[in-house]
file target-v7.cif (mmCIF, C-alpha atoms)
data_upload
loop_
_atom_site.label_atom_id
_atom_site.label_comp_id
_atom_site.auth_asym_id
_atom_site.auth_seq_id
_atom_site.Cartn_x
_atom_site.Cartn_y
_atom_site.Cartn_z
CA MET O 1 32.95 38.65 8.96
CA HIS O 2 31.60 40.72 11.85
CA ILE O 3 27.88 40.14 12.36
CA ALA O 4 25.47 41.90 14.70
CA LEU O 5 22.85 39.50 16.07
CA ILE O 6 19.51 40.56 17.50
CA GLY O 7 17.64 37.94 19.53
CA ALA O 8 20.63 35.84 20.55
CA THR O 9 18.94 34.48 23.70
CA GLY O 10 15.89 33.03 21.96
CA PHE O 11 15.44 29.55 20.48
CA VAL O 12 16.34 30.48 16.89
CA GLY O 13 18.83 33.16 17.95
CA THR O 14 20.78 30.78 20.18
CA ALA O 15 21.15 28.32 17.30
CA LEU O 16 22.21 31.14 14.98
CA LEU O 17 24.73 32.46 17.52
CA ASN O 18 26.27 29.01 17.91
CA GLU O 19 26.49 28.53 14.13
CA LEU O 20 28.05 31.96 13.51
CA LEU O 21 30.72 31.44 16.18
CA GLN O 22 31.41 27.89 15.03
CA ARG O 23 32.04 29.24 11.51
CA GLY O 24 34.57 31.72 12.88
CA HIS O 25 32.56 34.95 12.61
CA ARG O 26 32.89 37.74 15.15
CA VAL O 27 29.49 38.41 16.68
CA THR O 28 28.11 41.43 18.48
CA ALA O 29 24.91 40.38 20.22
CA LEU O 30 22.34 43.04 21.10
CA ALA O 31 20.51 42.19 24.30
CA ARG O 32 18.06 43.75 26.72
CA THR O 33 19.93 41.93 29.48
CA PRO O 34 23.55 41.27 28.48
CA SER O 35 24.13 39.04 31.52
CA ASN O 36 21.79 36.47 29.91
CA ILE O 37 24.50 35.70 27.34
CA ALA O 38 27.53 33.74 28.51
CA PRO O 39 30.92 35.13 27.44
CA ARG O 40 32.57 33.26 24.58
CA GLU O 41 35.52 33.80 22.30
CA GLY O 42 34.56 35.93 19.31
CA LEU O 43 31.46 37.32 21.05
CA SER O 44 30.77 40.77 22.41
CA VAL O 45 27.46 41.78 23.93
CA VAL O 46 25.93 45.25 24.00
CA GLN O 47 22.83 46.39 25.79
CA ALA O 48 20.25 47.82 23.41
CA ASP O 49 16.53 48.36 23.20
CA VAL O 50 15.60 47.15 19.71
CA THR O 51 12.39 49.17 19.76
CA ASP O 52 14.61 52.28 19.53
CA PRO O 53 16.10 52.79 16.03
CA ALA O 54 18.88 55.04 17.37
CA GLN O 55 20.06 52.34 19.79
CA VAL O 56 19.96 49.73 17.03
CA ALA O 57 21.93 51.99 14.68
CA GLN O 58 24.58 52.68 17.29
CA ALA O 59 24.94 49.01 18.24
CA VAL O 60 25.24 47.63 14.68
CA ARG O 61 27.27 50.43 13.08
CA GLY O 62 30.57 49.14 11.70
CA THR O 63 29.48 45.51 11.35
CA ASP O 64 29.40 43.71 8.01
CA ALA O 65 25.88 42.35 8.42
CA VAL O 66 22.93 42.26 10.80
CA ALA O 67 20.87 39.15 11.53
CA SER O 68 17.66 39.41 13.51
CA ALA O 69 15.90 36.54 15.24
CA TYR O 70 13.93 38.96 17.41
CA ASN O 71 10.86 37.78 19.29
CA PRO O 72 9.40 39.65 22.28
CA GLY O 73 8.52 36.32 23.91
CA TRP O 74 5.70 33.90 23.27
CA THR O 75 4.08 34.72 26.62
CA GLU O 76 4.00 38.47 25.87
CA PRO O 77 0.30 39.49 25.72
CA LYS O 78 1.00 42.16 23.08
CA ILE O 79 3.36 39.99 21.03
CA ALA O 80 2.14 41.12 17.60
CA GLU O 81 2.14 44.82 18.47
CA ILE O 82 5.59 44.74 20.06
CA PHE O 83 7.00 42.54 17.29
CA MET O 84 5.87 45.01 14.63
CA GLN O 85 7.14 48.02 16.58
CA ALA O 86 10.55 46.38 17.02
CA THR O 87 10.68 45.17 13.41
CA HIS O 88 10.17 48.72 12.11
CA ALA O 89 12.74 50.07 14.59
CA ILE O 90 15.28 47.39 13.60
CA PHE O 91 14.80 48.15 9.87
CA ASP O 92 15.16 51.89 10.51
CA GLY O 93 18.18 51.43 12.76
CA VAL O 94 19.98 49.20 10.26
CA LYS O 95 19.31 51.76 7.50
CA GLN O 96 20.63 54.58 9.68
CA SER O 97 23.77 52.60 10.50
CA GLY O 98 24.76 52.16 6.86
CA VAL O 99 25.05 48.37 7.15
CA LYS O 100 24.05 46.94 3.76
CA ARG O 101 23.35 43.29 4.66
CA PHE O 102 20.29 42.38 6.74
CA LEU O 103 18.76 38.98 7.39
CA MET O 104 15.60 38.37 9.39
CA VAL O 105 14.80 34.83 10.52
CA GLY O 106 12.04 33.28 12.57
CA GLY O 107 10.85 30.00 13.89
CA ALA O 108 7.08 30.20 14.11
#
call {"tool": "encode", "arguments": {"input": "target-v7.cif", "output": "structure tokens"}}
result
Amino acid sequence: MHIALIGATGFVGTALLNELLQRGHRVTALARTPSNIAPREGLSVVQADVTDPAQVAQAVRGTDAVASAYNPGWTEPKIAEIFMQATHAIFDGVKQSGVKRFLMVGGA
């Protein structure tokens, strides 16, 4: 299965990335800073701003599923506001892409 992963550099996202690759899935990770993700077999990384539905749609289009472990960062002063903005953009982008499977996880 080919899975798009949002939030692959965070605590939960890193664990999810490792598990997906270990199980043999192909993963496309969306990242603000692709260089923060080390290259690995089965992994491709694309730069995307997940607060922009069009960028999300373009990045996830053609995958079998999308998993989001997005978090703007615990030290972000506007964490709730940015989280909600990104969550709506991710939902809209996934809908626009036509991908039918979406999983959102967190680790609060």
call {"tool": "atom_distance", "arguments": {"input": "target-v7.cif", "atom1": "atom CA of O:Trp74", "atom2": "atom CA of O:Thr9"}}
result
13.3 Å
call {"tool": "residues_near_point", "arguments": {"input": "target-v7.cif", "point": "(32.8, 35.6, 14.5)", "cutoff": "8 Å", "atoms": "all atoms listed in the file", "output": "PyMOL selection string"}}
result
chain O and resi 1-3+20-27+42-43
call {"tool": "atom_distance", "arguments": {"input": "target-v7.cif", "atom1": "atom CA of O:Val105", "atom2": "atom CA of O:Glu41"}}
result
23.9 Å
call {"tool": "closest_residue", "arguments": {"input": "target-v7.cif", "among": "O:Met104, O:Ala65, O:Ala89, O:Leu30", "to": "O:Ala8", "atoms": "only C-alpha atoms"}}
result
O:Leu30
call {"tool": "resolve_selection", "arguments": {"input": "target-v7.cif", "expression": "the PyMOL selection byres ((chain O and resi 14) around 12)", "output": "PyMOL selection string"}}
result
chain O and resi 5-13+15-21+29+36-38+68-70+106-107
call {"tool": "closest_residue", "arguments": {"input": "target-v7.cif", "among": "O:Thr75, O:Val60, O:Gln55, O:Arg32", "to": "O:Val99", "atoms": "only C-alpha atoms"}}
result
O:Val60
call {"tool": "decode", "arguments": {"input": "target-v7.cif", "residues": "stretch 66-78 of chain O", "atoms": "all heavy atoms", "output": "PDB file, in the first residue's frame"}}
result
ATOM      1  N   VAL O  66      -4.125   8.283   3.518  1.00  0.00           N
ATOM      2  CA  VAL O  66      -3.401   9.389   4.138  1.00  0.00           C
ATOM      3  C   VAL O  66      -3.486   9.206   5.645  1.00  0.00           C
ATOM      4  O   VAL O  66      -4.567   8.949   6.188  1.00  0.00           O
ATOM      5  CB  VAL O  66      -4.010  10.759   3.751  1.00  0.00           C
ATOM      6  CG1 VAL O  66      -3.291  11.891   4.470  1.00  0.00           C
ATOM      7  CG2 VAL O  66      -3.988  10.959   2.244  1.00  0.00           C
ATOM      8  N   ALA O  67      -2.354   9.342   6.317  1.00  0.00           N
ATOM      9  CA  ALA O  67      -2.307   9.326   7.781  1.00  0.00           C
ATOM     10  C   ALA O  67      -1.726  10.664   8.224  1.00  0.00           C
ATOM     11  O   ALA O  67      -0.724  11.118   7.674  1.00  0.00           O
ATOM     12  CB  ALA O  67      -1.444   8.182   8.287  1.00  0.00           C
ATOM     13  N   SER O  68      -2.360  11.282   9.192  1.00  0.00           N
ATOM     14  CA  SER O  68      -1.868  12.554   9.698  1.00  0.00           C
ATOM     15  C   SER O  68      -1.572  12.460  11.184  1.00  0.00           C
ATOM     16  O   SER O  68      -2.429  12.084  11.984  1.00  0.00           O
ATOM     17  CB  SER O  68      -2.885  13.674   9.457  1.00  0.00           C
ATOM     18  OG  SER O  68      -2.394  14.889  10.014  1.00  0.00           O
ATOM     19  N   ALA O  69      -0.343  12.819  11.520  1.00  0.00           N
ATOM     20  CA  ALA O  69       0.086  12.954  12.913  1.00  0.00           C
ATOM     21  C   ALA O  69       0.556  14.399  13.101  1.00  0.00           C
ATOM     22  O   ALA O  69       1.497  14.679  13.828  1.00  0.00           O
ATOM     23  CB  ALA O  69       1.210  11.964  13.214  1.00  0.00           C
ATOM     24  N   TYR O  70      -0.120  15.311  12.424  1.00  0.00           N
ATOM     25  CA  TYR O  70       0.295  16.718  12.400  1.00  0.00           C
ATOM     26  C   TYR O  70       0.202  17.361  13.779  1.00  0.00           C
ATOM     27  O   TYR O  70      -0.759  17.168  14.522  1.00  0.00           O
ATOM     28  CB  TYR O  70      -0.572  17.518  11.418  1.00  0.00           C
ATOM     29  CG  TYR O  70      -0.270  18.988  11.480  1.00  0.00           C
ATOM     30  CD1 TYR O  70       0.870  19.490  10.881  1.00  0.00           C
ATOM     31  CD2 TYR O  70      -1.097  19.863  12.164  1.00  0.00           C
ATOM     32  CE1 TYR O  70       1.183  20.839  10.960  1.00  0.00           C
ATOM     33  CE2 TYR O  70      -0.805  21.211  12.246  1.00  0.00           C
ATOM     34  CZ  TYR O  70       0.345  21.699  11.639  1.00  0.00           C
ATOM     35  OH  TYR O  70       0.643  23.029  11.738  1.00  0.00           O
ATOM     36  N   ASN O  71       1.223  18.154  14.079  1.00  0.00           N
ATOM     37  CA  ASN O  71       1.261  18.990  15.270  1.00  0.00           C
ATOM     38  C   ASN O  71       2.167  20.160  14.926  1.00  0.00           C
ATOM     39  O   ASN O  71       3.287  19.941  14.486  1.00  0.00           O
ATOM     40  CB  ASN O  71       1.818  18.198  16.459  1.00  0.00           C
ATOM     41  CG  ASN O  71       1.866  19.004  17.740  1.00  0.00           C
ATOM     42  OD1 ASN O  71       2.070  20.212  17.726  1.00  0.00           O
ATOM     43  ND2 ASN O  71       1.691  18.333  18.849  1.00  0.00           N
ATOM     44  N   PRO O  72       1.718  21.405  15.125  1.00  0.00           N
ATOM     45  CA  PRO O  72       2.560  22.544  14.773  1.00  0.00           C
ATOM     46  C   PRO O  72       3.756  22.730  15.710  1.00  0.00           C
ATOM     47  O   PRO O  72       4.623  23.550  15.437  1.00  0.00           O
ATOM     48  CB  PRO O  72       1.614  23.735  14.852  1.00  0.00           C
ATOM     49  CG  PRO O  72       0.507  23.301  15.732  1.00  0.00           C
ATOM     50  CD  PRO O  72       0.389  21.811  15.576  1.00  0.00           C
ATOM     51  N   GLY O  73       3.806  21.969  16.773  1.00  0.00           N
ATOM     52  CA  GLY O  73       4.923  22.076  17.734  1.00  0.00           C
ATOM     53  C   GLY O  73       4.422  22.558  19.076  1.00  0.00           C
ATOM     54  O   GLY O  73       3.686  23.539  19.148  1.00  0.00           O
ATOM     55  N   TRP O  74       4.807  21.852  20.112  1.00  0.00           N
ATOM     56  CA  TRP O  74       4.304  22.163  21.452  1.00  0.00           C
ATOM     57  C   TRP O  74       4.741  23.538  21.952  1.00  0.00           C
ATOM     58  O   TRP O  74       4.107  24.109  22.829  1.00  0.00           O
ATOM     59  CB  TRP O  74       4.725  21.085  22.448  1.00  0.00           C
ATOM     60  CG  TRP O  74       4.057  19.778  22.150  1.00  0.00           C
ATOM     61  CD1 TRP O  74       4.647  18.642  21.687  1.00  0.00           C
ATOM     62  CD2 TRP O  74       2.666  19.476  22.263  1.00  0.00           C
ATOM     63  NE1 TRP O  74       3.708  17.652  21.501  1.00  0.00           N
ATOM     64  CE2 TRP O  74       2.484  18.135  21.848  1.00  0.00           C
ATOM     65  CE3 TRP O  74       1.540  20.210  22.659  1.00  0.00           C
ATOM     66  CZ2 TRP O  74       1.244  17.514  21.829  1.00  0.00           C
ATOM     67  CZ3 TRP O  74       0.314  19.587  22.639  1.00  0.00           C
ATOM     68  CH2 TRP O  74       0.167  18.258  22.236  1.00  0.00           C
ATOM     69  N   THR O  75       5.806  24.092  21.385  1.00  0.00           N
ATOM     70  CA  THR O  75       6.262  25.416  21.817  1.00  0.00           C
ATOM     71  C   THR O  75       5.633  26.541  21.001  1.00  0.00           C
ATOM     72  O   THR O  75       5.895  27.709  21.271  1.00  0.00           O
ATOM     73  CB  THR O  75       7.795  25.516  21.732  1.00  0.00           C
ATOM     74  OG1 THR O  75       8.198  25.294  20.380  1.00  0.00           O
ATOM     75  CG2 THR O  75       8.466  24.509  22.657  1.00  0.00           C
ATOM     76  N   GLU O  76       4.817  26.197  20.012  1.00  0.00           N
ATOM     77  CA  GLU O  76       4.148  27.190  19.171  1.00  0.00           C
ATOM     78  C   GLU O  76       3.113  27.944  20.007  1.00  0.00           C
ATOM     79  O   GLU O  76       2.194  27.336  20.558  1.00  0.00           O
ATOM     80  CB  GLU O  76       3.464  26.500  17.986  1.00  0.00           C
ATOM     81  CG  GLU O  76       2.536  27.372  17.171  1.00  0.00           C
ATOM     82  CD  GLU O  76       3.216  28.598  16.598  1.00  0.00           C
ATOM     83  OE1 GLU O  76       4.240  28.446  15.914  1.00  0.00           O
ATOM     84  OE2 GLU O  76       2.704  29.720  16.844  1.00  0.00           O
ATOM     85  N   PRO O  77       3.255  29.268  20.131  1.00  0.00           N
ATOM     86  CA  PRO O  77       2.314  30.047  20.961  1.00  0.00           C
ATOM     87  C   PRO O  77       0.856  29.966  20.488  1.00  0.00           C
ATOM     88  O   PRO O  77      -0.060  30.041  21.295  1.00  0.00           O
ATOM     89  CB  PRO O  77       2.818  31.485  20.853  1.00  0.00           C
ATOM     90  CG  PRO O  77       4.179  31.405  20.281  1.00  0.00           C
ATOM     91  CD  PRO O  77       4.310  30.095  19.576  1.00  0.00           C
ATOM     92  N   LYS O  78       0.644  29.809  19.196  1.00  0.00           N
ATOM     93  CA  LYS O  78      -0.715  29.743  18.650  1.00  0.00           C
ATOM     94  C   LYS O  78      -1.049  28.308  18.241  1.00  0.00           C
ATOM     95  O   LYS O  78      -1.678  28.074  17.211  1.00  0.00           O
ATOM     96  CB  LYS O  78      -0.842  30.664  17.444  1.00  0.00           C
ATOM     97  CG  LYS O  78      -0.664  32.131  17.776  1.00  0.00           C
ATOM     98  CD  LYS O  78      -0.832  32.973  16.530  1.00  0.00           C
ATOM     99  CE  LYS O  78      -0.685  34.442  16.856  1.00  0.00           C
ATOM    100  NZ  LYS O  78      -0.875  35.263  15.652  1.00  0.00           N
TER     101      LYS O  78
END
